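The file start36.cif comes next; it holds mmCIF, C-alpha atoms.
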```
data_work
#
loop_
_atom_site.label_atom_id
_atom_site.label_comp_id
_atom_site.auth_asym_id
_atom_site.auth_seq_id
_atom_site.Cartn_x
_atom_site.Cartn_y
_atom_site.Cartn_z
CA MET A 296 298.17 79.38 -26.45
CA ASP A 297 300.10 82.46 -27.49
CA GLN A 298 298.19 85.68 -26.62
CA PHE A 299 298.40 87.13 -30.13
CA LEU A 300 297.21 83.89 -31.70
CA SER A 301 294.30 83.77 -29.27
CA GLU A 302 293.22 87.31 -30.08
CA PHE A 303 293.71 86.71 -33.79
CA ILE A 304 291.50 83.63 -33.67
CA ASP A 305 288.80 85.64 -31.87
CA GLU A 306 288.93 88.38 -34.51
CA PHE A 307 288.89 85.78 -37.29
CA ALA A 308 285.93 83.89 -35.82
CA GLN A 309 283.92 87.12 -35.54
CA GLN A 310 283.85 87.35 -39.33
CA PHE A 311 281.62 84.26 -39.47
CA ASP A 312 278.04 84.16 -38.16
CA GLU A 313 278.52 80.77 -36.52
CA GLY A 314 281.99 81.58 -35.21
CA LEU A 315 284.37 78.66 -34.71
CA ILE A 316 283.07 75.20 -35.49
CA VAL A 317 285.94 73.57 -33.62
CA SER A 318 287.12 74.01 -30.07
CA LYS A 319 289.49 76.99 -29.79
CA GLU A 320 291.88 74.97 -27.61
CA THR A 321 292.54 72.56 -30.47
CA ILE A 322 293.77 75.32 -32.80
CA LYS A 323 297.50 75.60 -33.40
CA PRO A 324 299.42 78.04 -35.61
CA THR A 325 299.62 75.31 -38.26
CA THR A 326 295.86 74.68 -38.27
CA GLN A 327 294.18 75.32 -41.62
CA PHE A 328 291.95 78.30 -40.88
CA ARG A 329 289.36 77.26 -43.48
CA ASP A 330 288.67 74.12 -41.44
CA THR A 331 287.78 76.05 -38.28
CA VAL A 332 284.71 77.90 -39.59
CA GLU A 333 281.91 77.45 -42.14
CA TRP A 334 284.24 78.71 -44.84
CA ASP A 335 282.72 80.03 -48.06
CA SER A 336 283.50 82.60 -50.73
CA ILE A 337 281.96 85.33 -48.56
CA GLY A 338 284.31 84.44 -45.75
CA ALA A 339 287.22 85.22 -48.04
CA LEU A 340 285.96 88.79 -48.52
CA TYR A 341 285.55 89.34 -44.80
CA ILE A 342 289.05 88.02 -44.09
CA ILE A 343 290.61 90.27 -46.74
CA THR A 344 288.79 93.19 -45.12
CA MET A 345 289.73 92.12 -41.60
CA MET A 346 293.43 91.90 -42.50
CA GLU A 347 293.36 95.41 -43.89
CA ASP A 348 291.11 97.15 -41.37
CA VAL A 349 292.34 95.51 -38.17
CA TYR A 350 295.94 94.59 -39.01
CA ASN A 351 296.77 97.06 -41.78
CA VAL A 352 297.88 94.26 -44.11
CA LYS A 353 296.68 94.22 -47.71
CA ILE A 354 296.15 90.82 -49.26
CA THR A 355 294.62 90.07 -52.63
CA GLY A 356 292.06 87.36 -53.34
CA LYS A 357 294.66 85.48 -55.37
CA HIS A 358 297.20 85.63 -52.54
CA LEU A 359 294.62 84.39 -50.02
CA GLN A 360 293.53 81.52 -52.22
CA GLU A 361 296.91 80.35 -53.40
CA ASP A 362 299.36 81.06 -50.57
CA LEU A 363 297.52 81.49 -47.28
CA HIS A 364 296.22 78.33 -45.61
CA THR A 365 297.16 78.29 -41.92
CA PHE A 366 296.75 80.76 -39.08
CA GLU A 367 300.54 81.03 -39.13
CA ASP A 368 300.45 82.16 -42.76
CA LEU A 369 298.14 85.04 -41.86
CA ILE A 370 299.86 85.97 -38.61
CA ASN A 371 303.28 86.02 -40.28
CA LEU A 372 302.03 88.76 -42.60
CA VAL A 373 301.11 90.85 -39.60
CA GLU A 374 304.39 90.25 -37.85
CA VAL A 375 306.42 91.04 -40.97
CA LYS A 376 304.80 94.47 -40.94
CA MET B 855 296.90 107.94 -66.71
CA ASN B 856 295.42 108.40 -70.16
CA ILE B 857 292.36 110.61 -70.07
CA GLN B 858 290.36 111.06 -73.24
CA SER B 859 288.32 114.22 -73.67
CA VAL B 860 285.39 113.78 -76.03
CA HIS B 861 283.71 116.95 -77.26
CA ASN B 862 280.32 117.88 -78.66
CA ILE B 863 278.39 115.08 -77.02
CA SER B 864 275.32 115.25 -74.85
CA ILE B 865 273.27 112.41 -73.45
CA THR B 866 269.74 113.15 -74.61
CA GLY B 867 267.96 110.38 -72.74
CA ILE B 868 268.23 107.08 -70.91
CA ALA B 869 265.57 104.37 -70.66
CA ALA B 870 265.54 101.00 -68.92
CA ALA B 871 263.41 97.86 -68.96
CA VAL B 872 263.38 94.98 -66.48
CA PRO B 873 261.38 91.75 -66.32
CA LYS B 874 258.16 91.78 -64.30
CA GLN B 875 259.14 88.66 -62.38
CA VAL B 876 260.55 89.58 -58.97
CA VAL B 877 262.62 87.10 -56.96
CA THR B 878 263.27 87.88 -53.32
CA ASN B 879 266.57 86.69 -51.84
CA PRO B 880 266.66 84.97 -48.45
CA ALA B 881 267.71 87.23 -45.57
CA ASN B 882 271.13 85.75 -44.87
CA ARG B 883 274.82 86.64 -44.73
CA SER B 884 275.21 86.58 -48.49
CA THR B 885 272.33 89.01 -49.01
CA LYS B 886 273.74 91.30 -46.32
CA LEU B 887 277.11 91.36 -48.11
CA THR B 888 275.89 91.74 -51.67
CA GLY B 889 273.01 94.05 -50.81
CA VAL B 890 270.73 92.22 -53.28
CA ARG B 891 267.32 91.98 -51.63
CA GLU B 892 265.40 91.45 -54.87
CA ARG B 893 266.18 90.67 -58.51
CA ARG B 894 264.26 90.54 -61.78
CA ILE B 895 264.37 87.35 -63.82
CA VAL B 896 263.31 87.07 -67.48
CA GLU B 897 260.79 84.55 -68.76
CA GLU B 898 262.27 81.98 -71.13
CA SER B 899 261.01 83.72 -74.23
CA ILE B 900 262.64 87.09 -73.46
CA CYS B 901 266.19 88.00 -74.51
CA THR B 902 268.38 90.97 -73.64
CA SER B 903 267.59 92.41 -77.06
CA ASP B 904 263.89 92.48 -76.16
CA LEU B 905 264.59 94.47 -73.00
CA CYS B 906 266.83 96.87 -74.93
CA TYR B 907 264.38 97.13 -77.83
CA THR B 908 261.53 98.01 -75.47
CA SER B 909 263.68 100.67 -73.77
CA ALA B 910 264.77 102.22 -77.06
CA ASP B 911 261.38 102.03 -78.75
CA SER B 912 259.66 103.67 -75.82
CA MET B 913 262.23 106.44 -75.44
CA LEU B 914 262.35 107.27 -79.15
CA ASN B 915 258.55 107.59 -79.16
CA GLU B 916 258.53 109.71 -75.99
CA LEU B 917 261.18 112.06 -77.34
CA GLY B 918 259.65 112.21 -80.84
CA ILE B 919 262.90 111.15 -82.48
CA VAL B 920 262.78 110.34 -86.18
CA ARG B 921 264.18 106.80 -86.41
CA THR B 922 266.01 107.30 -89.66
CA GLU B 923 268.05 110.03 -87.97
CA ILE B 924 269.83 107.48 -85.78
CA ASP B 925 273.28 107.11 -87.34
CA VAL B 926 274.83 104.52 -85.01
CA LEU B 927 273.57 101.65 -82.88
CA ILE B 928 275.88 99.82 -80.50
CA PHE B 929 274.61 96.77 -78.59
CA VAL B 930 276.65 96.02 -75.49
CA SER B 931 275.94 92.57 -74.11
CA GLN B 932 277.38 89.17 -73.27
CA THR B 933 274.02 87.53 -73.97
CA PRO B 934 273.35 88.13 -77.66
CA ASP B 935 270.39 86.56 -79.43
CA TYR B 936 272.64 84.34 -81.53
CA LYS B 937 276.34 83.58 -81.78
CA LEU B 938 275.97 85.23 -85.15
CA PRO B 939 274.83 87.50 -86.68
CA VAL B 940 275.35 90.49 -84.35
CA THR B 941 272.25 91.40 -82.38
CA SER B 942 272.63 95.08 -83.31
CA ALA B 943 271.69 94.11 -86.87
CA LEU B 944 268.45 92.54 -85.69
CA LEU B 945 267.73 95.62 -83.58
CA GLN B 946 268.36 97.95 -86.53
CA ASP B 947 265.57 96.21 -88.38
CA ARG B 948 263.28 95.91 -85.41
CA LEU B 949 263.58 99.56 -84.45
CA GLY B 950 263.01 100.71 -88.02
CA LEU B 951 266.38 102.46 -88.31
CA SER B 952 267.94 103.44 -91.60
CA GLN B 953 270.03 100.96 -93.52
CA SER B 954 272.76 103.60 -93.35
CA CYS B 955 272.92 103.10 -89.62
CA ILE B 956 276.31 101.84 -88.39
CA CYS B 957 275.62 98.83 -86.20
CA PHE B 958 277.88 96.58 -84.17
CA ASP B 959 278.05 94.69 -80.89
CA ILE B 960 280.50 95.07 -78.02
CA PRO B 961 280.56 91.87 -75.92
CA LEU B 962 281.67 93.51 -72.66
CA GLY B 963 279.97 93.16 -69.30
CA CYS B 964 280.56 95.22 -66.19
CA SER B 965 282.61 97.94 -67.94
CA GLY B 966 280.50 97.72 -71.09
CA TYR B 967 278.24 100.72 -70.64
CA VAL B 968 281.05 103.23 -70.23
CA TYR B 969 283.13 101.53 -72.93
CA GLY B 970 280.10 101.73 -75.22
CA LEU B 971 279.46 105.35 -74.29
CA TYR B 972 283.09 106.18 -75.10
CA VAL B 973 283.02 104.46 -78.49
CA LEU B 974 279.66 105.94 -79.44
CA SER B 975 280.66 109.43 -78.30
CA THR B 976 283.92 109.26 -80.21
CA LEU B 977 282.08 108.28 -83.40
CA ILE B 978 279.66 111.19 -83.11
CA SER B 979 282.06 113.80 -81.76
CA ASN B 980 283.27 115.20 -85.09
CA GLY B 981 279.75 115.92 -86.27
CA THR B 982 279.59 113.68 -89.29
CA LEU B 983 277.17 111.49 -87.40
CA LYS B 984 274.52 113.22 -85.31
CA LYS B 985 272.65 110.72 -83.16
CA GLY B 986 273.46 107.31 -81.72
CA LEU B 987 271.86 104.65 -79.58
CA LEU B 988 273.74 102.67 -76.96
CA LEU B 989 271.77 99.57 -75.98
CA ALA B 990 273.29 97.83 -72.99
CA GLY B 991 272.11 94.91 -70.90
CA ASP B 992 272.23 91.23 -70.12
CA THR B 993 270.17 88.22 -69.08
CA ILE B 994 272.92 86.83 -66.90
CA THR B 995 270.52 84.87 -64.70
CA ARG B 996 270.44 82.31 -67.51
CA GLU B 997 274.21 81.89 -67.37
CA VAL B 998 274.66 80.96 -63.71
CA ASN B 999 274.09 77.72 -61.81
CA SER B 1000 271.43 77.65 -59.08
CA LYS B 1001 273.81 75.53 -56.97
CA ASP B 1002 276.56 78.16 -57.08
CA SER B 1003 276.05 80.27 -53.96
CA SER B 1004 278.55 82.88 -55.17
CA THR B 1005 276.39 83.81 -58.17
CA CYS B 1006 272.88 82.36 -57.94
CA ASN B 1007 271.40 85.22 -55.89
CA LEU B 1008 273.59 88.01 -57.23
CA PHE B 1009 272.47 88.71 -60.78
CA GLY B 1010 269.34 90.23 -62.27
CA ASP B 1011 268.26 90.89 -65.86
CA ALA B 1012 267.83 94.27 -67.49
CA GLY B 1013 268.15 96.12 -70.80
CA THR B 1014 268.71 99.83 -71.35
CA ALA B 1015 268.86 102.42 -74.10
CA THR B 1016 270.86 105.65 -74.12
CA LEU B 1017 270.43 108.26 -76.82
CA VAL B 1018 273.53 110.34 -77.49
CA SER B 1019 273.51 113.47 -79.68
CA TYR B 1020 275.98 115.78 -81.36
CA ASP B 1021 275.88 119.06 -79.40
CA VAL B 1022 278.45 121.83 -79.96
CA ASN B 1023 277.42 123.45 -76.66
CA ALA B 1024 278.12 120.36 -74.57
CA LYS B 1025 280.93 120.26 -72.04
CA PRO B 1026 283.56 117.61 -72.92
CA ILE B 1027 283.08 114.20 -71.37
CA LYS B 1028 286.25 112.84 -69.77
CA PHE B 1029 287.01 109.15 -70.07
CA ASN B 1030 289.60 106.70 -68.79
CA LEU B 1031 289.55 103.07 -69.87
CA GLY B 1032 291.79 100.12 -69.17
CA THR B 1033 292.29 96.40 -69.11
CA ASP B 1034 294.16 93.76 -67.13
CA GLY B 1035 293.82 90.53 -69.04
CA SER B 1036 295.93 88.65 -66.50
CA GLY B 1037 292.74 88.53 -64.44
CA TYR B 1038 290.63 86.92 -67.16
CA ARG B 1039 289.91 83.86 -65.02
CA SER B 1040 288.22 85.95 -62.29
CA ILE B 1041 284.90 85.93 -64.13
CA ILE B 1042 284.70 83.34 -66.88
CA GLN B 1043 282.52 80.93 -68.83
CA THR B 1044 285.12 78.47 -70.02
CA ASP B 1045 283.17 76.41 -72.56
CA GLY B 1046 281.09 77.28 -75.58
CA GLY B 1047 283.62 79.53 -77.32
CA SER B 1048 286.37 78.67 -79.75
CA ARG B 1049 288.94 77.78 -77.10
CA ASN B 1050 286.75 75.02 -75.60
CA LYS B 1051 283.86 74.12 -77.83
CA ALA B 1052 280.84 72.74 -75.99
CA THR B 1053 280.97 68.98 -75.54
CA LYS B 1054 279.10 66.48 -73.35
CA GLY B 1055 281.69 67.22 -70.67
CA SER B 1056 280.62 70.88 -70.67
CA PHE B 1057 277.41 69.88 -68.91
CA VAL B 1058 279.13 68.00 -66.08
CA GLU B 1059 278.83 69.70 -62.70
CA GLN B 1060 281.97 70.26 -60.63
CA GLU B 1061 282.37 71.48 -57.06
CA ASP B 1062 285.01 74.05 -56.13
CA VAL B 1063 286.91 74.42 -52.82
CA ASN B 1064 284.17 76.67 -51.46
CA GLY B 1065 281.43 74.15 -52.21
CA ASN B 1066 280.05 76.03 -55.22
CA ILE B 1067 278.79 73.87 -58.08
CA THR B 1068 279.10 74.87 -61.74
CA THR B 1069 279.43 73.32 -65.16
CA PRO B 1070 281.98 74.70 -67.64
CA LEU B 1071 279.06 76.41 -69.40
CA ASP B 1072 278.13 78.42 -66.29
CA ILE B 1073 279.68 81.70 -65.22
CA LYS B 1074 282.36 81.12 -62.59
CA LEU B 1075 283.03 84.08 -60.36
CA ASN B 1076 286.05 84.35 -58.10
CA GLY B 1077 284.54 86.73 -55.57
CA ALA B 1078 287.73 87.28 -53.59
CA GLU B 1079 289.74 88.26 -56.68
CA VAL B 1080 287.03 90.58 -57.95
CA TYR B 1081 286.70 92.13 -54.48
CA SER B 1082 290.45 92.85 -54.31
CA PHE B 1083 290.33 94.27 -57.81
CA GLY B 1084 287.43 96.53 -56.93
CA THR B 1085 288.61 97.79 -53.57
CA ASP B 1086 292.28 98.20 -54.53
CA LYS B 1087 292.75 98.74 -58.25
CA VAL B 1088 289.46 100.48 -59.01
CA SER B 1089 289.76 102.75 -55.98
CA GLU B 1090 293.27 103.75 -57.13
CA ILE B 1091 292.14 104.34 -60.70
CA LEU B 1092 289.22 106.50 -59.66
CA GLN B 1093 291.38 108.39 -57.19
CA GLU B 1094 293.88 109.19 -59.92
CA PHE B 1095 291.11 110.04 -62.40
CA CYS B 1096 289.65 112.57 -59.96
CA GLU B 1097 293.07 114.01 -59.13
CA GLN B 1098 293.99 114.50 -62.77
CA LEU B 1099 290.66 116.16 -63.46
CA GLU B 1100 291.06 118.20 -60.26
CA ILE B 1101 287.71 117.00 -58.96
CA GLN B 1102 287.02 117.02 -55.27
CA PRO B 1103 284.19 114.84 -53.91
CA PRO B 1104 282.01 117.83 -52.91
CA GLN B 1105 282.05 118.94 -56.57
CA VAL B 1106 280.40 115.72 -57.74
CA ASP B 1107 276.63 115.41 -57.58
CA TYR B 1108 276.51 111.66 -58.11
CA ILE B 1109 278.92 108.75 -58.28
CA VAL B 1110 277.49 105.78 -60.13
CA LEU B 1111 279.54 102.61 -59.70
CA HIS B 1112 278.84 99.34 -61.45
CA GLN B 1113 276.48 97.52 -59.10
CA ALA B 1114 278.44 94.35 -58.41
CA ASN B 1115 278.40 94.11 -54.64
CA LYS B 1116 277.24 96.60 -52.03
CA PHE B 1117 279.94 95.74 -49.49
CA MET B 1118 282.64 96.35 -52.08
CA ASN B 1119 281.06 99.53 -53.43
CA ASP B 1120 280.59 101.02 -49.96
CA ARG B 1121 284.28 100.49 -49.39
CA ILE B 1122 285.26 102.14 -52.68
CA VAL B 1123 282.95 105.10 -52.04
CA SER B 1124 284.31 105.56 -48.53
CA ARG B 1125 287.94 105.37 -49.70
CA LEU B 1126 287.30 108.04 -52.30
CA GLY B 1127 285.66 110.38 -49.79
CA PHE B 1128 282.14 110.36 -51.25
CA ASN B 1129 279.00 109.99 -49.14
CA ASN B 1130 275.93 107.79 -49.39
CA LYS B 1131 273.80 110.58 -50.86
CA GLN B 1132 276.16 110.89 -53.78
CA ALA B 1133 276.56 107.13 -54.31
CA ILE B 1134 273.27 106.15 -55.94
CA SER B 1135 272.51 102.47 -56.36
CA SER B 1136 270.11 99.95 -57.84
CA ILE B 1137 271.60 96.71 -56.52
CA GLU B 1138 269.09 96.38 -53.69
CA LEU B 1139 266.10 95.93 -55.98
CA PHE B 1140 267.65 94.70 -59.22
CA GLY B 1141 270.92 92.92 -58.38
CA ASN B 1142 273.95 92.97 -60.59
CA THR B 1143 272.56 93.62 -64.07
CA SER B 1144 275.94 93.58 -65.83
CA SER B 1145 276.37 96.41 -68.35
CA ALA B 1146 272.91 97.74 -67.48
CA THR B 1147 273.75 98.65 -63.89
CA ILE B 1148 274.90 102.22 -64.51
CA PRO B 1149 272.04 103.37 -66.77
CA LEU B 1150 269.48 101.43 -64.69
CA THR B 1151 270.78 103.14 -61.54
CA MET B 1152 270.46 106.53 -63.20
CA VAL B 1153 266.91 105.83 -64.49
CA THR B 1154 265.71 104.64 -61.08
CA ASN B 1155 267.33 107.41 -59.05
CA LEU B 1156 267.58 110.58 -61.11
CA LYS B 1157 265.12 113.04 -62.61
CA GLN B 1158 265.43 115.35 -65.56
CA THR B 1159 266.56 118.78 -64.43
CA GLN B 1160 267.61 122.09 -66.00
CA GLN B 1161 270.37 122.25 -63.44
CA GLN B 1162 273.80 121.11 -64.57
CA GLN B 1163 274.81 117.93 -62.79
CA SER B 1164 278.25 116.38 -62.40
CA ILE B 1165 278.15 112.63 -62.66
CA LEU B 1166 281.15 110.35 -62.13
CA MET B 1167 280.57 106.81 -63.38
CA CYS B 1168 282.74 103.70 -63.34
CA GLY B 1169 282.12 100.23 -64.73
CA PHE B 1170 284.59 97.53 -63.75
CA GLY B 1171 284.80 93.76 -63.74
CA VAL B 1172 284.88 90.95 -66.27
CA GLY B 1173 288.04 91.00 -68.36
CA LEU B 1174 289.35 92.42 -66.12
CA SER B 1175 288.23 95.67 -67.60
CA TRP B 1176 287.36 99.14 -66.33
CA ALA B 1177 286.03 102.41 -67.69
CA SER B 1178 285.32 105.70 -65.98
CA ALA B 1179 283.58 108.81 -67.24
CA PHE B 1180 282.93 112.27 -65.85
CA ILE B 1181 279.94 114.07 -67.30
CA LYS B 1182 278.77 117.62 -66.63
CA GLN B 1183 275.39 118.16 -68.18
CA SER B 1184 271.82 119.24 -67.61
CA ASP B 1185 268.53 118.05 -69.04
CA ILE B 1186 269.05 114.30 -69.43
CA TYR B 1187 265.66 112.72 -70.08
CA TYR B 1188 264.98 109.64 -67.93
CA SER B 1189 262.13 107.34 -68.88
CA ASN B 1190 259.91 105.70 -66.30
CA LEU B 1191 261.18 102.19 -65.63
CA ILE B 1192 259.53 99.73 -68.00
CA GLN B 1193 258.56 96.24 -66.88
CA ILE B 1194 257.87 93.47 -69.41
#
```

For this file, write the structure as structure tokens.
Amino acid sequence: MDQFLSEFIDEFAQQFDEGLIVSKETIKPTTQFRDTVEWDSIGALYIITMMEDVYNVKITGKHLQEDLHTFEDLINLVEVK
Amino acid sequence: MNIQSVHNISITGIAAAVPKQVVTNPANRSTKLTGVRERRIVEESICTSDLCYTSADSMLNELGIVRTEIDVLIFVSQTPDYKLPVTSALLQDRLGLSQSCICFDIPLGCSGYVYGLYVLSTLISNGTLKKGLLLAGDTITREVNSKDSSTCNLFGDAGTATLVSYDVNAKPIKFNLGTDGSGYRSIIQTDGGSRNKATKGSFVEQEDVNGNITTPLDIKLNGAEVYSFGTDKVSEILQEFCEQLEIQPPQVDYIVLHQANKFMNDRIVSRLGFNNKQAISSIELFGNTSSATIPLTMVTNLKQTQQQQSILMCGFGVGLSWASAFIKQSDIYYSNLIQI
């Protein structure tokens, strides 16, 4: 697994009390991130905050809900910056 | 940014009433994020108007105000007694106000108190009218679904009354108000209005992608969109408001934000450079009480003082709508919190 993806997954999982609900080794860039944790509406707020505070990327709730579905979608925003 | 300066207005007093019934939220992730440890829930027989009536009645008695001297009554609420007539008319009668009293409702929520304060202040500012009552509150707990985890533990019920008076010695109150209707879906009750009249289908429960269950008659809240709106747009608006008024955080005694979500508000406060002592709150014990949050927060945190205080307030949310005000005043009377 790519180093950045691995670290990103760790940071992402920390936003959820139960962490990952799947094995980290099974996660690929194209994995739907909502399927890897106990995703809920609170999770969305923590991810918006994580993207801004840790990666300096601002995303809106609308953008997250409509356009961002895979780990690749999130990571690409970081890399574009 | 458009800033309105309204002259000759002082806030004479603020009162608030909440239901006696306390509901304690479970200690979980949601409670940690929202900050809502407890909420007040009305009994079936109590409406928002009852909470506002009790607040107003009590305050007018305490201050010895002659009822027929009230020239304006504005009722701000999304939970009126009836679809029609306006609840302010019922309250005019109930409070024993003059038939010359100008009465109307403003059906705004989160931004409603400051919107209402602006409208009321503007009406009184030229001196033709001398005293006005702003009654603001909601019984939102009746409008949410207990199976919707994004709302069921967030809201509480409350009603408030603010007495505003014509005062030539008052410092001008500064206001900024705005709207972004493109975000109307962020907080919505889709059925029961003219666009979608209530039908049998309005009572059918549906599950969203996050597992939250609502009917079209329940309030649907898109937390992520409201959070972005609060932390980005509202922060920017308040920043610009302060810059244009040349206010630095140390010059403000209190910042009173609409009590929607503690996590969001902490972020806004931090971005603006205020501290926790300045940012008073009521969400922990009363939840999100819609248009009542700002006056309820002031009643439960502040005391009457001869010292001039600078208070920055901002209501933001459903609409999407926002309204900020900066008040410099002494001697605001605060009632003891009433519980019914």

Do you know which residues the PyMOL selection byres ((chain B) within 10 of (chain A)) returns on this file, as a ChimeraX atom specification? /B:882-884,887-888,1003-1004,1037,1040,1063-1066,1075-1083,1085-1086,1117-1118,1121

Given all atoms listed in the file as the counted atoms, nearest of A:Asp297, A:Gln327, A:Met346, A:Ile322 to A:Gln310: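 Nearest to A:Gln310: A:Met346.
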
Considering only C-alpha atoms, can you say which of A:Ser301, A:Gln309, A:Ser318, A:Asn351 comes closest to A:Glu367?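 Once distances to A:Glu367 are computed over only C-alpha atoms, the minimum belongs to A:Ser301.
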
Taking all atoms of stretch 345-364 of chain A that appear in the file, build a box with edges along x, y and z, extend it by 5 Å on every side, and state its centre and edge lengths in Å to one decimal, as AutoDock Vina command-line options.
```
--center_x 294.5 --center_y 87.7 --center_z -46.8 --size_x 19.6 --size_y 28.8 --size_z 27.2
```

Which one of B:Gly867, B:Gly1046, B:Gly986, B:Gly1032 sits closest to B:Asp1072 if you count only C-alpha atoms? B:Gly1046
